[in-house]
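Student: Have a look at this one before I ask anything.
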Amino acid sequence: MNATLLLKIITCSVGIWIGVNLLRGYIGGWLRLARTYRASSQKKVVTGISRRRFFQTVYMRWLMVYGDCMMFRADARGLRISVLPVFRIGHPSLMIPWNEITVVNLEGLFKPIVELRFQAEPSVPLRMSRLVYQSLAETFSSIGDAH
């Protein structure tokens, strides 16, 4: 295999990877959420208790599944949602204040789930395990009806 062919294969693969991630961000509604809830690029130190969950699965609109690639961090300000860095193209980190989140309890096929609905983008739901959400939110139950 010559170097030119190898370069073409690598370039094409990277282009497809970028295109697929952008398309997933659009279809699932992530890019819509990012218009309102995009997290600041500055890493601010948060004092107090913070809960983190790594390698979680969520379901978004139009049957878009993010399997074991989600990261959540909850603190007094709200819920920070991000994807693993390898999938980050088309998926900027989100920071959603608790008062912008409405939680709907649902029964999933195999386990109880919650559907998070967002005040600024009600057409983009995010479904996750009820146990994961409760683990994130239990420390901040005094914040209000968002939990």
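Chains: A, B, ... in order of the structure tokens. Residues: from 1 per chain. Ligands: from 1, in order shown.
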Report as JSON lines the residues of range 47-86 of chain A within 10 Å of range 26-35 of chain A, each with its shortest atom pair and distance in Å (one decimal), using only C-alpha atoms, ordered by chain and increasing residue number.
Tutor:
{"residue": "A:Tyr59", "atom": "CA", "partner": "A:Gly28", "partner_atom": "CA", "distance": 8.4}
{"residue": "A:Met60", "atom": "CA", "partner": "A:Gly28", "partner_atom": "CA", "distance": 5.3}
{"residue": "A:Arg61", "atom": "CA", "partner": "A:Gly28", "partner_atom": "CA", "distance": 5.1}
{"residue": "A:Trp62", "atom": "CA", "partner": "A:Gly28", "partner_atom": "CA", "distance": 6.3}
{"residue": "A:Leu63", "atom": "CA", "partner": "A:Gly28", "partner_atom": "CA", "distance": 7.6}
{"residue": "A:Met64", "atom": "CA", "partner": "A:Gly28", "partner_atom": "CA", "distance": 5.3}
{"residue": "A:Val65", "atom": "CA", "partner": "A:Gly28", "partner_atom": "CA", "distance": 8.2}
{"residue": "A:Tyr66", "atom": "CA", "partner": "A:Gly28", "partner_atom": "CA", "distance": 9.4}
Student: DSSP on the backbone: what in range 20-140 of chain A comes out strand (DSSP E or B), as a ChimeraX atom specification?
Tutor: /A:38,51-59,65-75,78-83,94-97,101-107,112-118,121-129
Student: Taking the DSSP secondary structure from the backbone, can you list the residues of range 4-137 of chain A that are alpha helix (DSSP H), as an NGL selection string?
Tutor: :A and (4-28 or 30-37 or 130-137)
Student: For Arg88 in chain A, please output as a PyMOL selection string all residues within 10 Å (counting only C-alpha atoms; exclusion window: fewer than 4 positions along the same chain).
Tutor: chain A and resi 18+21-22+25+82-84+92-93
Student: Please produce a file of the residues just selected, as a short mmCIF file (atom, residue, chain, number, x, y, z; two decimals), in the first residue's frame, where the atoms kept are C-alpha atoms.
Tutor:
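This is the output file part.cif:
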data_model
loop_
_atom_site.label_atom_id
_atom_site.label_comp_id
_atom_site.auth_asym_id
_atom_site.auth_seq_id
_atom_site.Cartn_x
_atom_site.Cartn_y
_atom_site.Cartn_z
CA ILE A 18 -16.77 14.17 11.73
CA ASN A 21 -20.93 13.06 14.79
CA LEU A 22 -22.34 16.31 13.41
CA GLY A 25 -25.77 16.07 17.14
CA SER A 82 -20.99 15.94 28.11
CA VAL A 83 -19.90 13.10 25.87
CA LEU A 84 -16.55 11.35 25.81
CA PRO A 92 -20.34 20.66 23.07
CA SER A 93 -20.71 20.26 26.83
#
Student: Quick one: pull the distance between CA of Glu138 in chain A and CA of Ala76 in chain A, Å, one decimal.
Tutor: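 Going from CA of Glu138 in chain A over to CA of Ala76 in chain A, I get 11.1 Å.
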Student: Using only C-alpha atoms, pick whichever of A:Gln134, A:Val14, A:Gln56, A:Val124 has the shortest atom-to-atom distance to Val86 in chain A.
Tutor: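 Selected residue with least distance to Val86 in chain A: A:Val14.
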